[in-house]
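Just my_file.txt here, compact mmCIF, C-alpha atoms and all ligand atoms:
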# COMPACT_ATOMS: atom_id res chain seq x y z
CA MET A 1 188.61 132.14 176.11
CA LEU A 2 186.17 133.22 173.42
CA PRO A 3 187.45 135.00 170.36
CA ARG A 4 186.57 138.62 171.10
CA VAL A 5 184.17 139.60 168.35
CA PRO A 6 182.85 142.70 170.04
CA LEU A 7 179.21 143.63 169.89
CA THR A 8 178.82 147.09 171.32
CA SER A 9 175.45 148.29 172.49
CA LEU A 10 174.67 151.85 173.54
CA PRO A 11 171.96 152.72 176.06
CA PRO A 12 169.37 154.97 174.44
CA LEU A 13 169.74 157.74 177.11
CA ASP A 14 172.54 159.15 179.29
CA LEU A 15 171.01 158.39 182.70
CA VAL A 16 173.90 159.75 184.81
CA ARG A 17 173.46 163.17 183.17
CA LEU A 18 169.67 163.06 183.59
CA PHE A 19 169.66 161.76 187.18
CA PRO A 20 172.76 162.87 189.11
CA GLY A 21 173.37 160.45 191.97
CA ILE A 22 172.05 157.41 190.09
CA GLU A 23 175.64 156.27 189.52
CA ALA A 24 175.81 155.12 193.15
CA TYR A 25 173.28 152.38 192.31
CA ALA A 26 174.91 151.16 189.08
CA ARG A 27 175.43 147.44 188.67
CA THR A 28 177.22 145.71 185.85
CA ALA A 29 175.69 143.00 183.69
CA THR A 30 177.21 140.93 180.93
CA ARG A 31 175.08 140.75 177.81
CA LEU A 32 175.79 137.37 176.26
CA HIS A 33 174.78 138.43 172.73
CA PRO A 34 174.01 134.85 171.56
CA ARG A 35 173.98 134.46 167.79
CA PRO A 36 173.22 131.25 165.84
CA GLY A 37 176.41 129.31 165.22
CA VAL A 38 178.30 126.09 165.86
CA PRO A 39 179.53 126.18 169.46
CA SER A 40 182.34 123.92 170.64
CA VAL A 41 181.76 121.50 173.51
CA SER A 42 184.40 123.23 175.61
CA GLY A 43 183.42 126.88 175.04
CA SER A 44 180.76 129.25 176.35
CA HIS A 45 177.48 129.01 174.47
CA VAL A 46 173.68 128.78 174.46
CA GLY A 47 172.26 125.41 173.38
CA GLY A 48 174.89 123.00 172.05
CA MET A 49 176.71 120.40 174.12
CA LEU A 50 178.07 120.74 177.65
CA LEU A 51 181.40 119.66 179.06
CA TRP A 52 180.00 116.55 180.71
CA PRO A 53 182.06 113.57 181.92
CA GLN A 54 181.12 110.31 180.18
CA HIS A 55 180.90 108.48 183.50
CA GLU A 56 178.51 111.01 185.07
CA PRO A 57 174.78 110.23 184.73
CA TRP A 58 172.96 112.78 182.57
CA PRO A 59 170.17 114.43 184.58
CA THR A 60 166.62 113.42 183.73
CA CYS A 61 163.09 114.55 184.58
CA PRO A 62 160.57 111.90 185.63
CA GLY A 63 157.65 114.18 184.81
CA PRO A 64 154.73 113.97 184.79
CA HIS A 65 154.53 116.10 181.66
CA LEU A 66 151.63 117.94 180.11
CA ILE A 67 151.51 116.90 176.47
CA ARG A 68 149.27 118.78 174.06
CA THR A 69 146.95 116.61 172.00
CA GLU A 70 145.14 117.33 168.72
CA ILE A 71 142.25 115.03 167.85
CA PRO A 72 141.11 115.32 164.19
CA VAL A 73 137.34 115.30 163.69
CA PRO A 74 135.37 114.42 160.52
CA PRO A 75 133.71 117.28 158.58
CA GLN A 76 130.17 116.58 159.85
CA VAL A 77 131.36 116.81 163.47
CA ALA A 78 133.45 119.88 162.63
CA ALA A 79 130.28 121.66 161.46
CA MET A 80 128.68 121.00 164.87
CA LEU A 81 131.74 122.43 166.61
CA MET A 82 131.65 125.73 164.70
CA MET A 83 129.24 127.26 167.23
CA PRO A 84 129.16 124.74 170.11
CA GLY A 85 126.30 125.10 172.55
CA PRO A 86 126.66 124.62 176.32
CA GLU A 87 125.78 120.91 176.11
CA THR A 88 128.42 120.28 173.43
CA LEU A 89 131.05 122.11 175.48
CA VAL A 90 130.21 120.05 178.57
CA ALA A 91 130.50 116.85 176.50
CA LEU A 92 133.89 117.94 175.11
CA GLU A 93 135.18 118.73 178.59
CA GLN A 94 134.04 115.30 179.80
CA GLN A 95 135.44 113.31 176.87
CA VAL A 96 138.65 115.19 175.94
CA PRO A 97 141.31 115.26 178.70
CA GLY A 98 142.42 118.85 179.30
CA PHE A 99 139.99 120.20 176.68
CA ALA A 100 141.43 123.52 175.47
CA GLY A 101 139.31 124.43 172.45
CA VAL A 102 138.75 123.70 168.77
CA ARG A 103 141.03 124.80 165.93
CA THR A 104 140.08 124.89 162.26
CA THR A 105 142.62 125.38 159.50
CA GLU A 106 142.76 124.51 155.79
CA ALA A 107 143.94 121.05 156.86
CA GLY A 108 140.77 120.41 158.86
CA THR A 109 139.39 120.70 162.37
CA VAL A 110 141.04 119.40 165.53
CA VAL A 111 139.95 119.31 169.16
CA LEU A 112 142.76 120.51 171.44
CA GLY A 113 143.52 118.86 174.76
CA THR A 114 146.28 118.03 177.22
CA GLU A 115 147.38 114.65 178.49
CA VAL A 116 149.43 113.99 181.61
CA VAL A 117 152.26 111.57 180.76
CA SER A 118 154.94 110.11 183.05
CA GLU A 119 158.32 108.83 181.87
CA PRO A 120 159.32 105.78 183.95
CA ALA A 121 162.91 106.02 182.68
CA GLY A 122 163.04 109.83 182.99
CA SER A 123 163.39 112.22 180.07
CA PRO A 124 166.90 113.68 179.60
CA LEU A 125 167.20 117.40 180.33
CA VAL A 126 168.24 119.79 177.55
CA PRO A 127 171.34 122.02 177.77
CA LEU A 128 170.39 125.69 177.89
CA ALA A 129 173.79 127.30 178.36
CA GLN A 130 177.40 126.79 179.35
CA LEU A 131 179.21 129.85 180.70
CA HIS A 132 182.86 130.10 181.66
CA ALA A 133 183.77 132.72 184.28
CA ALA A 134 186.77 133.62 182.08
CA ASP A 135 184.36 134.65 179.28
CA VAL A 136 181.61 136.32 181.32
CA PRO A 137 182.88 139.10 183.61
CA ASP A 138 179.75 139.15 185.81
CA LEU A 139 179.62 135.40 186.40
CA ARG A 140 180.62 134.74 190.00
CA CYS A 141 181.18 131.03 190.58
CA PRO A 142 181.22 129.18 193.92
CA ALA A 143 184.72 128.57 195.25
CA GLY A 144 186.60 125.89 193.33
CA THR A 145 184.48 126.12 190.16
CA ASP A 146 184.86 128.14 186.97
CA VAL A 147 182.01 127.13 184.68
CA LEU A 148 178.21 127.20 184.98
CA GLN A 149 176.01 124.75 183.10
CA VAL A 150 172.26 125.36 182.85
CA LEU A 151 169.78 122.64 181.89
CA TRP A 152 166.00 122.27 181.89
CA CYS A 153 163.22 119.95 180.83
CA PRO A 154 161.58 121.23 177.61
CA ASN A 155 158.09 120.47 178.82
CA GLU A 156 155.17 121.83 180.77
CA HIS A 157 154.64 120.16 184.13
CA PRO A 158 151.56 120.19 186.33
CA GLY A 159 152.25 122.96 188.84
CA ASP A 160 155.08 124.67 186.89
CA SER A 161 153.32 127.99 186.76
CA PRO A 162 154.15 130.73 187.54
CA THR A 163 157.94 130.22 187.53
CA GLY A 164 158.47 128.40 184.23
CA PRO A 165 160.09 125.00 183.68
CA PRO A 166 162.42 124.17 186.56
CA VAL A 167 166.07 124.87 185.81
CA LEU A 168 169.03 122.77 186.98
CA LEU A 169 172.40 124.47 187.55
CA LYS A 170 175.65 122.53 187.52
CA TRP A 171 178.83 124.29 188.69
CA ARG A 172 182.08 122.63 187.56
CA THR A 173 185.79 123.04 187.15
CA ALA A 174 186.30 122.84 183.40
CA SER A 175 189.76 121.27 183.62
CA SER A 176 188.35 118.35 185.65
CA VAL A 177 186.40 117.05 182.63
CA VAL A 178 188.93 114.96 180.71
CA ASP A 179 186.55 112.51 178.99
CA PRO A 180 183.62 114.62 177.75
CA LEU A 181 180.50 113.17 176.14
CA ASP A 182 180.15 114.04 172.46
CA ALA A 183 176.41 114.76 172.37
CA PRO A 184 173.54 115.08 174.86
CA PRO A 185 170.94 112.31 175.08
CA ALA A 186 167.73 113.41 173.36
CA PRO A 187 164.69 114.22 175.51
CA LEU A 188 161.96 111.56 175.31
CA VAL A 189 159.24 114.20 175.18
CA VAL A 190 159.21 117.81 174.00
CA SER A 191 155.87 119.47 174.61
CA ASP A 192 157.01 122.93 173.58
CA GLU A 193 159.52 123.65 170.80
CA ASP A 194 160.00 127.11 172.34
CA TYR A 195 161.94 125.40 175.15
CA LEU A 196 164.59 124.02 172.75
CA PRO A 197 167.46 126.50 172.33
CA ARG A 198 169.05 126.97 168.94
CA PRO A 199 172.85 126.46 169.26
CA CYS A 200 174.44 129.90 169.58
CA VAL A 201 177.94 131.27 170.03
CA LEU A 202 178.36 134.20 172.42
CA HIS A 203 179.86 137.69 172.20
CA PRO A 204 179.89 138.77 175.88
CA GLU A 205 179.82 142.50 176.56
CA GLN A 206 179.81 144.15 179.99
CA ILE A 207 177.35 147.01 180.37
CA THR A 208 175.98 149.16 183.20
CA GLU A 209 172.43 148.83 184.47
CA TYR A 210 170.35 150.63 187.10
CA PRO A 211 167.62 149.32 189.45
CA TRP A 212 163.88 149.38 188.93
CA TRP A 213 162.60 152.76 190.15
CA ARG A 214 160.86 151.29 193.21
CA GLU A 215 164.15 149.76 194.37
CA LEU A 216 165.80 153.22 194.59
CA PRO A 217 165.58 155.77 197.42
CA ASP A 218 162.11 157.29 197.47
CA GLU A 219 163.00 160.79 196.19
CA LEU A 220 165.18 159.54 193.33
CA GLY A 221 162.69 156.85 192.37
CA ARG A 222 159.81 159.37 192.23
CA ARG A 223 161.89 161.79 190.13
CA ILE A 224 162.56 158.98 187.66
CA ARG A 225 158.93 157.93 187.58
CA ALA A 226 157.82 161.54 186.97
CA PHE A 227 160.32 161.80 184.10
CA ASP A 228 159.06 158.59 182.50
CA ASP A 229 155.47 159.83 182.82
CA THR A 230 156.37 162.79 180.55
CA ARG A 231 157.77 160.59 177.79
CA ARG A 232 155.64 160.32 174.69
CA PHE A 233 154.94 157.07 172.87
CA GLY A 234 158.13 155.88 171.17
CA GLU A 235 160.44 158.09 173.28
CA HIS A 236 162.95 156.38 175.51
CA GLY A 237 162.83 156.84 179.26
CA TYR A 238 164.53 155.42 182.33
CA TYR A 239 162.46 152.28 181.79
CA SER A 240 164.09 151.42 178.47
CA ALA A 241 167.54 152.89 179.14
CA SER A 242 168.28 151.46 182.58
CA ARG A 243 168.29 147.74 181.70
CA ALA A 244 169.26 145.92 178.53
CA PRO A 245 167.06 143.25 176.96
CA GLY A 246 168.30 139.80 175.98
CA TRP A 247 170.20 136.99 177.63
CA LYS A 248 172.53 138.34 180.30
CA VAL A 249 174.36 137.53 183.52
CA GLY A 250 174.01 139.81 186.55
CA GLY A 251 172.56 143.30 186.34
CA CYS A 252 169.22 144.55 187.67
CA PRO A 253 165.88 142.75 187.43
CA ASN A 254 163.02 144.40 185.62
CA TRP A 255 159.79 144.36 187.66
CA GLU A 256 157.35 145.65 185.05
CA VAL A 257 154.78 142.89 185.56
CA SER A 258 154.76 142.87 189.36
CA ASP A 259 156.15 145.21 191.98
CA PRO A 260 159.55 144.03 193.24
CA ILE A 261 159.27 140.60 194.85
CA PRO A 262 161.81 139.78 197.59
CA MET A 263 163.98 136.95 196.24
CA ASP A 264 165.35 135.68 199.53
CA CYS A 265 167.36 132.51 200.00
CA PRO A 266 165.18 129.73 201.49
CA HIS A 267 168.10 128.68 203.72
CA CYS A 268 169.97 131.77 204.98
CA HIS A 269 167.12 134.25 204.20
CA GLN A 270 169.54 136.77 202.67
CA SER A 271 168.64 138.51 199.43
CA MET A 272 169.70 136.38 196.44
CA GLU A 273 171.54 137.88 193.48
CA LEU A 274 170.32 137.91 189.91
CA LEU A 275 172.38 135.28 188.12
CA LEU A 276 170.91 134.82 184.66
CA THR A 277 168.11 136.32 182.56
CA LEU A 278 166.56 134.40 179.64
CA ASP A 279 164.83 136.85 177.34
CA PRO A 280 163.33 135.84 173.98
CA THR A 281 164.36 139.12 172.32
CA GLU A 282 167.71 140.89 172.21
CA SER A 283 166.62 144.43 171.33
CA GLY A 284 164.06 146.77 172.82
CA ALA A 285 161.43 149.04 171.28
CA GLY A 286 162.59 150.66 168.05
CA GLY A 287 165.75 148.54 168.02
CA ALA A 288 167.02 150.06 171.30
CA TRP A 289 170.13 148.32 172.65
CA LEU A 290 170.77 146.70 169.26
CA PRO A 291 174.54 146.39 168.89
CA VAL A 292 176.19 149.12 166.86
CA GLU A 293 177.51 146.45 164.50
CA GLU A 294 173.90 145.44 163.69
CA SER A 295 172.30 148.89 163.74
CA HIS A 296 171.80 148.78 159.95
CA LEU A 297 169.16 146.07 160.42
CA GLN A 298 165.52 147.09 160.18
CA PRO A 299 162.95 145.24 162.32
CA SER A 300 161.44 142.59 160.03
CA HIS A 301 160.29 139.12 160.94
CA ILE A 302 160.89 137.90 157.38
CA ASP A 303 164.54 139.06 157.37
CA PRO A 304 166.69 136.13 158.57
CA GLU A 305 169.49 138.54 159.53
CA TRP A 306 167.14 140.55 161.77
CA LYS A 307 165.67 137.37 163.30
CA ALA A 308 169.18 136.06 164.05
CA ALA A 309 170.01 139.33 165.82
CA HIS A 310 166.66 139.89 167.55
CA GLU A 311 165.48 136.35 168.44
CA PRO A 312 168.66 134.28 168.14
CA THR A 313 168.02 131.52 170.67
CA GLY A 314 164.45 130.55 169.73
CA VAL A 315 163.73 130.14 173.46
CA SER A 316 160.50 131.79 174.55
CA VAL A 317 159.34 131.65 178.14
CA GLY A 318 157.00 134.48 179.15
CA ARG A 319 158.53 137.94 178.73
CA ARG A 320 161.66 136.78 180.52
CA LEU A 321 162.78 134.18 183.04
CA ARG A 322 165.19 135.18 185.78
CA ILE A 323 167.29 132.83 187.89
CA PHE A 324 168.41 134.13 191.28
CA VAL A 325 171.12 132.37 193.31
CA CYS A 326 172.61 132.36 196.79
CA LEU A 327 176.37 131.83 196.49
CA THR A 328 176.81 131.87 200.28
CA CYS A 329 174.93 128.67 201.08
CA PRO A 330 176.92 125.52 200.27
CA ASP A 331 174.33 124.01 197.91
CA THR A 332 173.90 127.33 195.97
CA PRO A 333 170.08 127.37 196.11
CA ILE A 334 168.22 129.11 193.30
CA ARG A 335 164.85 130.72 192.80
CA GLN A 336 163.16 131.41 189.48
CA ASN A 337 160.96 134.34 188.62
CA LEU A 338 158.93 134.53 185.42
CA GLN A 339 157.61 137.86 184.18
ZN ZN A 401 160.03 117.34 182.83
ZN ZN A 402 171.60 131.27 201.27
Could you write out this structure as structure tokens?
Ligand SMILES: [Zn+2]
Ligand SMILES: [Zn+2]
Amino acid sequence: MLPRVPLTSLPPLDLVRLFPGIEAYARTATRLHPRPGVPSVSGSHVGGMLLWPQHEPWPTCPGPHLIRTEIPVPPQVAAMLMMPGPETLVALEQQVPGFAGVRTTEAGTVVLGTEVVSEPAGSPLVPLAQLHAADVPDLRCPAGTDVLQVLWCPNEHPGDSPTGPPVLLKWRTASSVVDPLDAPPAPLVVSDEDYLPRPCVLHPEQITEYPWWRELPDELGRRIRAFDDTRRFGEHGYYSASRAPGWKVGGCPNWEVSDPIPMDCPHCHQSMELLLTLDPTESGAGGAWLPVEESHLQPSHIDPEWKAAHEPTGVSVGRRLRIFVCLTCPDTPIRQNLQ
């Protein structure tokens, strides 16, 4: 079990008082509250090492991977690229694989491109999280397992979009790992540092969330939408009070980018449940949902204490990546949704 260092967040509005009847649609979520630290191999954490048997092959990704390239150009060529004409742009697109533009800094000018690279031996996946059911109240594990391990490849792949890098889930029984590896093998390629999680310890906290307004009965949903339409800039509404930001297990998906998308199991065609949300930031507008214990912090990207509380994991993938799972089908299929 984790040492219980409570982080207590308060929703910015009392939604049950504002919208009687909404309590029937409440769902719990567990905010993980990751904070930079030194996680143990055996515990629950983000980043860090997983409980992984020495004899079990570490999962790899064969690619191909999209690797960003930067080709330095001499000053006389850089001058020509300041205002490139159509012919120059055509030439760049023909000669630079995946031409993506020109960047000039004090260090000089580079032409940006993308190469497609395969790894014959496979590039080891990176641990994203290890979560024990005993630590995370909303983590439901398949029968016979009590820990979830999440891994991914820290690279862009042709065809990844729009669901983000593919995630691998491993469900285990923690007590069955008696000879754990000490450290994960390093990935051979890392095309995006934003896909490498900073090791974090967790402070799980169970909270209550409510569905996106379009997932509620019509009358209730419209009442909520009308209320939010009256909110002035900077005022909290149902939108900001009904779901917490940050890394969390369970709860209700936010559908602010698209209307709700049915996340049905490809095998049994039943609706899948929201398992895990990866969110780059842990607090909402104006510091909403910031834990009480950290409420003295003022938003500032040059304050290391604020950064550790607001962007602890260093993982950035869209606004948020959600992993849905079907726990009924024997192979626990998943679907990803990137907003
Ligand atoms: Zn890969
Ligand atoms: Zn299913």
Please provide the set of residues having any atom within 7 Å of region 252-262 of chain A, restricted to only C-alpha atoms, with same-chain residues fewer than 2 positions apart removed, written as a PDB file with C-alpha atoms, keeping the file's coordinate frame.
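Final output, saved to part-v5.pdb:
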ATOM      1  CA  ARG A  27     175.430 147.440 188.670  1.00  0.00           C
ATOM      2  CA  GLU A 209     172.430 148.830 184.470  1.00  0.00           C
ATOM      3  CA  TYR A 210     170.350 150.630 187.100  1.00  0.00           C
ATOM      4  CA  PRO A 211     167.620 149.320 189.450  1.00  0.00           C
ATOM      5  CA  TRP A 212     163.880 149.380 188.930  1.00  0.00           C
ATOM      6  CA  ARG A 243     168.290 147.740 181.700  1.00  0.00           C
ATOM      7  CA  GLY A 250     174.010 139.810 186.550  1.00  0.00           C
ATOM      8  CA  ASP A 264     165.350 135.680 199.530  1.00  0.00           C
ATOM      9  CA  GLN A 339     157.610 137.860 184.180  1.00  0.00           C
TER      10      GLN A 339
END
Just how far from CA of Pro180 (chain A) is CA of Pro34 (chain A), in Å to one decimal? 23.2 Å
For a quick check of understanding, using only C-alpha atoms and all ligand atoms, which of A:Pro217, A:Ile334, A:Tyr239, A:Cys265 has the smallest distance to ligand ZN 402 (chain A)?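 Of A:Pro217, A:Ile334, A:Tyr239, A:Cys265, the one nearest ligand ZN 402 (chain A), counting only C-alpha atoms and all ligand atoms, is A:Cys265.
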Could you make a table, as a tab-separated table, of the residues of chain A that have an atom within 12 Å of an atom of ligand ZN 401 (chain A), each with its nearest atom pair and distance in Å to one decimal, counting all atoms listed in the file, in chain and number order?
residue	atom	partner	partner_atom	distance
A:Pro59	CA	A:ZN401	ZN	10.7
A:Thr60	CA	A:ZN401	ZN	7.7
A:Cys61	CA	A:ZN401	ZN	4.5
A:Pro62	CA	A:ZN401	ZN	6.1
A:Gly63	CA	A:ZN401	ZN	4.4
A:Pro64	CA	A:ZN401	ZN	6.6
A:His65	CA	A:ZN401	ZN	5.8
A:Leu66	CA	A:ZN401	ZN	8.8
A:Ile67	CA	A:ZN401	ZN	10.6
A:Val116	CA	A:ZN401	ZN	11.2
A:Val117	CA	A:ZN401	ZN	9.9
A:Ser118	CA	A:ZN401	ZN	8.8
A:Glu119	CA	A:ZN401	ZN	8.7
A:Pro120	CA	A:ZN401	ZN	11.6
A:Ala121	CA	A:ZN401	ZN	11.7
A:Gly122	CA	A:ZN401	ZN	8.1
A:Ser123	CA	A:ZN401	ZN	6.7
A:Pro124	CA	A:ZN401	ZN	8.4
A:Leu125	CA	A:ZN401	ZN	7.6
A:Val126	CA	A:ZN401	ZN	10.1
A:Leu151	CA	A:ZN401	ZN	11.1
A:Trp152	CA	A:ZN401	ZN	7.8
A:Cys153	CA	A:ZN401	ZN	4.6
A:Pro154	CA	A:ZN401	ZN	6.7
A:Asn155	CA	A:ZN401	ZN	5.4
A:Glu156	CA	A:ZN401	ZN	6.9
A:His157	CA	A:ZN401	ZN	6.2
A:Pro158	CA	A:ZN401	ZN	9.6
A:Gly159	CA	A:ZN401	ZN	11.3
A:Asp160	CA	A:ZN401	ZN	9.7
A:Gly164	CA	A:ZN401	ZN	11.3
A:Pro165	CA	A:ZN401	ZN	7.7
A:Pro166	CA	A:ZN401	ZN	8.1
A:Val167	CA	A:ZN401	ZN	10.1
A:Leu168	CA	A:ZN401	ZN	11.3
A:Pro187	CA	A:ZN401	ZN	9.2
A:Leu188	CA	A:ZN401	ZN	9.7
A:Val189	CA	A:ZN401	ZN	8.3
A:Val190	CA	A:ZN401	ZN	8.9
A:Ser191	CA	A:ZN401	ZN	9.5
A:Asp192	CA	A:ZN401	ZN	11.2
A:Tyr195	CA	A:ZN401	ZN	11.3
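Each of A:Thr163, A:Gln130, A:Thr109, A:Asn337 was compared to Leu51 (chain A) using all atoms listed in the file, and A:Gln130 turns out to be the nearest.
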Counting only C-alpha atoms and all ligand atoms, what are the residues of chain A within 10 Å of ligand ZN 402 (chain A), and for each of them which pair of atoms is the nearest and at what distance in Å, to one decimal? Sort the table by chain and rising number, as a tab-separated table.
residue	atom	partner	partner_atom	distance
A:Asp264	CA	A:ZN402	ZN	7.8
A:Cys265	CA	A:ZN402	ZN	4.6
A:Pro266	CA	A:ZN402	ZN	6.6
A:His267	CA	A:ZN402	ZN	5.0
A:Cys268	CA	A:ZN402	ZN	4.1
A:His269	CA	A:ZN402	ZN	6.1
A:Gln270	CA	A:ZN402	ZN	6.0
A:Ser271	CA	A:ZN402	ZN	8.0
A:Met272	CA	A:ZN402	ZN	7.3
A:Val325	CA	A:ZN402	ZN	8.0
A:Cys326	CA	A:ZN402	ZN	4.7
A:Leu327	CA	A:ZN402	ZN	6.8
A:Thr328	CA	A:ZN402	ZN	5.3
A:Cys329	CA	A:ZN402	ZN	4.2
A:Pro330	CA	A:ZN402	ZN	7.9
A:Asp331	CA	A:ZN402	ZN	8.5
A:Thr332	CA	A:ZN402	ZN	7.0
A:Pro333	CA	A:ZN402	ZN	6.6
A:Ile334	CA	A:ZN402	ZN	8.9
Any idea what's packed within 12 Å of Met83 (chain A), counting all atoms listed in the file, ignoring anything in its chain fewer than 5 positions away? Could you give it as a ChimeraX atom specification? /A:77-78,88-89,101-102
Using all atoms listed in the file, which protein or nucleic acid residues come within 9 Å of Leu13 (chain A)? Drop anything in the same chain fewer than 3 positions from it, and give the result as a list of chain:residue names. A:Leu10, A:Val16, A:Arg17, A:Leu18, A:His236, A:Gly237, A:Tyr238, A:Ser240, A:Ala241, A:Ser242
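Among the candidates A:Pro75, A:Pro84, A:Pro39, A:Gly144, the residue lying nearest to Glu106 (chain A) is A:Pro75 (atoms considered: all atoms listed in the file).
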Please list as a PDB file with C-alpha atoms, keeping the file's coordinate frame every residue within 7 Å of Leu202 (chain A), counting only C-alpha atoms and excluding residues in the same chain fewer than 4 positions away.
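The resulting file, result10.pdb, is reproduced below:
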ATOM      1  CA  LEU A  32     175.790 137.370 176.260  1.00  0.00           C
ATOM      2  CA  HIS A  33     174.780 138.430 172.730  1.00  0.00           C
ATOM      3  CA  PRO A  34     174.010 134.850 171.560  1.00  0.00           C
ATOM      4  CA  ARG A  35     173.980 134.460 167.790  1.00  0.00           C
ATOM      5  CA  SER A  44     180.760 129.250 176.350  1.00  0.00           C
ATOM      6  CA  HIS A  45     177.480 129.010 174.470  1.00  0.00           C
TER       7      HIS A  45
END
Which centre and which edge lengths, in Å to one decimal, describe the axis-aligned box that holds all listed atoms of region 236-245 of chain A after 3 Å is added on each side, as AutoDock Vina command-line options?
--center_x 165.9 --center_y 150.0 --center_z 179.0 --size_x 12.8 --size_y 19.6 --size_z 13.1
What does the distance from CA of Ile302 (chain A) to CA of Arg103 (chain A) come to in Å, to one decimal?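 Computing it gives 25.3 Å between the two atoms.
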Please report the interatomic distance between CA of Leu275 (chain A) and CA of Glu193 (chain A) in Å with one decimal.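 Spanning CA of Leu275 (chain A) to CA of Glu193 (chain A) is a straight-line distance of 24.5 Å.
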Taking 5 positions as the minimum chain separation for residues in the same chain, which residues sit within 10 Å of Gly43 (chain A) when counting all atoms listed in the file? Answer as a list of chain:residue names. A:Met1, A:Leu2, A:Gly48, A:Met49, A:Leu50, A:Leu51, A:Gln130, A:Leu131, A:His132, A:Asp135, A:Val147, A:Ala174, A:Val201, A:Leu202
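Compared by their closest atoms to Thr28 (chain A), and using only C-alpha atoms, the residues A:Arg225, A:Lys307, A:Lys248, A:Arg231 rank with A:Lys248 nearest.
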Pick from A:Pro97, A:Gly113, A:Pro36, A:Gly85 nearest to Arg68 (chain A), counting only C-alpha atoms: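 Closest to Arg68 (chain A) of all the choices is A:Gly113.
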